[in-house]
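Peer 1: This is the structure, below, for whatever I ask next.
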Amino acid sequence: MGYQCVRCSFPIKSLYVQYSPGNIRLMKCEKCKAVADEYIECEIMILMIDLMLHKQKAYRHLLYNVLNQQTLKFEGLHWKLAIIYFIFDACIHLYVEARNSSSLVSTSCKVFMYVVFGNIMFLLTFFIMVKIFLNASINISRFNDLLLTIMISCYFKIFLIAMLVWEFPTSVIFIIELFCLSSNAVALNVMTESSMSRCVWACFGAYAVKLFVTQVLDLRFLEQLIKGWIQMSSSS
């Protein structure tokens, strides 16, 4: 991924020219003649607010001008983001299961199944939907870019930390997941430049399959648990 103008997505060679430490001049886009990336001189809170407002130029700044080829040279970036993503996803299921007063072993097993199998089906469905709905060719480089896009655009999961400190209704989890879905759709739209409706359907399909798989796993786990209890009671 190379540098892009955050307004028109036109490729540019550099974002700014540095004359001395602290003295830079922002480059202008050759196509729209506007400043290519004004977020370079903005505070991080302004970027966060624009990301929460789902502004495409904020996503374009983050995905193209911050996480560009130079940043991706850091070894293990995808693994670090994947671990953070899985931890936040595990917090969701752990919070729900903790309120059901389940045992530690059963809770740990269910959370593990949800996180592993649920996200495997989510990613498989997501790439299939991208291939079908967006007609995008997926090679190794494209796969890494889309995977990075999904993990980065799930930043709303960070609000789950508050749920571990203060008690919230489980409906908050649905709201957070809804924000993640919309954020994924905007990020996918920025990465592929496809229509927003197709991006929404691609992300919605992936989330729907993930929800279905977790519900099936929950029923299967409950069935096996009941059978185990029956066998223990009959043997005693």
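By order of appearance in the structure tokens: chains A, B, ..., then residues from 1 within every chain, and ligands from 1 in the order shown.
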Identify, with DSSP run on backbone atoms, the residues in range 26-159 of chain A assigned to alpha helix (DSSP H), and express the list as a VMD selection string.

Peer 2: chain A and resid 44 to 52 56 to 60 69 to 72 77 to 98 104 to 133 140 to 152

Peer 1: What's the separation between CA of Ile87 in chain A and CA of Phe127 in chain A, in Å to one decimal place?

Peer 2: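 CA of Phe127 in chain A lies at a distance of 22.0 Å from CA of Ile87 in chain A.
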
Peer 1: So that I can check the surroundings of Leu160 in chain A, please list as a count of residues only every protein, DNA and RNA residue that reaches within 10 Å of it, counting only C-alpha atoms and ignoring chain neighbours fewer than 6 positions away.

Peer 2: 10

Peer 1: Please list as a tab-separated table (two decimals) with C-alpha atoms, in the first residue's frame every residue within 10 Å of range 22-31 of chain A, counting only C-alpha atoms and excluding residues in the same chain fewer than 6 positions away.

Peer 2:
chain	number	residue	atom	x	y	z
A	4	GLN	CA	-2.73	8.32	-1.02
A	5	CYS	CA	-4.58	11.61	-0.89
A	6	VAL	CA	-7.16	11.28	1.87
A	7	ARG	CA	-9.73	13.22	-0.14
A	8	CYS	CA	-9.63	11.66	-3.62
A	9	SER	CA	-7.43	8.57	-3.02
A	10	PHE	CA	-5.00	9.64	-5.74
A	11	PRO	CA	-1.54	8.06	-5.26
A	12	ILE	CA	1.19	10.44	-4.11
A	13	LYS	CA	4.92	9.99	-3.63
A	14	SER	CA	5.32	11.78	-0.30
A	15	LEU	CA	3.08	13.39	2.30
A	16	TYR	CA	5.35	16.25	3.35
A	37	ASP	CA	-3.18	14.53	4.26
A	38	GLU	CA	-4.06	17.18	6.83
A	40	ILE	CA	-0.34	14.71	9.80
A	41	GLU	CA	-0.58	17.96	11.77

Peer 1: Can you pull out the residues contacting Tyr114 in chain A? Cut-off 8 Å, using only C-alpha atoms, and skip same-chain residues under 2 positions away; I want them as a list of chain:residue names.

Peer 2: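 Residues near the query, excluding close chain neighbours: A:Ala90, A:His93, A:Lys110, A:Val111, A:Phe112, A:Val116, A:Phe117, A:Gly118, A:Asn119, A:Thr214, A:Leu217.
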
Peer 1: Identify which of the residues A:Tyr3, A:Phe143, A:Phe179, A:Phe212 lies closest to Phe159 in chain A, counting only C-alpha atoms when measuring atom-to-atom distances.

Peer 2: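 Checking each of A:Tyr3, A:Phe143, A:Phe179, A:Phe212 against Phe159 in chain A, counting only C-alpha atoms, the winner is A:Phe179.
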
Peer 1: To one decimal place, how far is CA of Met52 in chain A from CA of Val165 in chain A in Å?

Peer 2: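 Here the two named atoms are 22.3 Å from each other.
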
Peer 1: Sorted by chain and rising residue number, list the residues of range 40-129 of chain A at most 6 Å from range 194-210 of chain A (counting only C-alpha atoms), each with its closest atom pair and distance in Å to one decimal, as a Markdown table.

Peer 2:
| residue | atom | partner | partner_atom | distance |
| --- | --- | --- | --- | --- |
| A:Gly118 | CA | A:Lys210 | CA | 5.1 |
| A:Phe122 | CA | A:Ala206 | CA | 5.0 |
| A:Thr125 | CA | A:Ala206 | CA | 5.0 |
| A:Phe126 | CA | A:Ala206 | CA | 4.9 |
| A:Met129 | CA | A:Ala202 | CA | 5.0 |

Peer 1: Counting only C-alpha atoms, which of A:Ala82, A:Met191, A:Leu51, A:Ala36 gets nearest to Val115 in chain A?

Peer 2: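 Among the listed residues, the smallest separation from Val115 in chain A belongs to A:Ala82.
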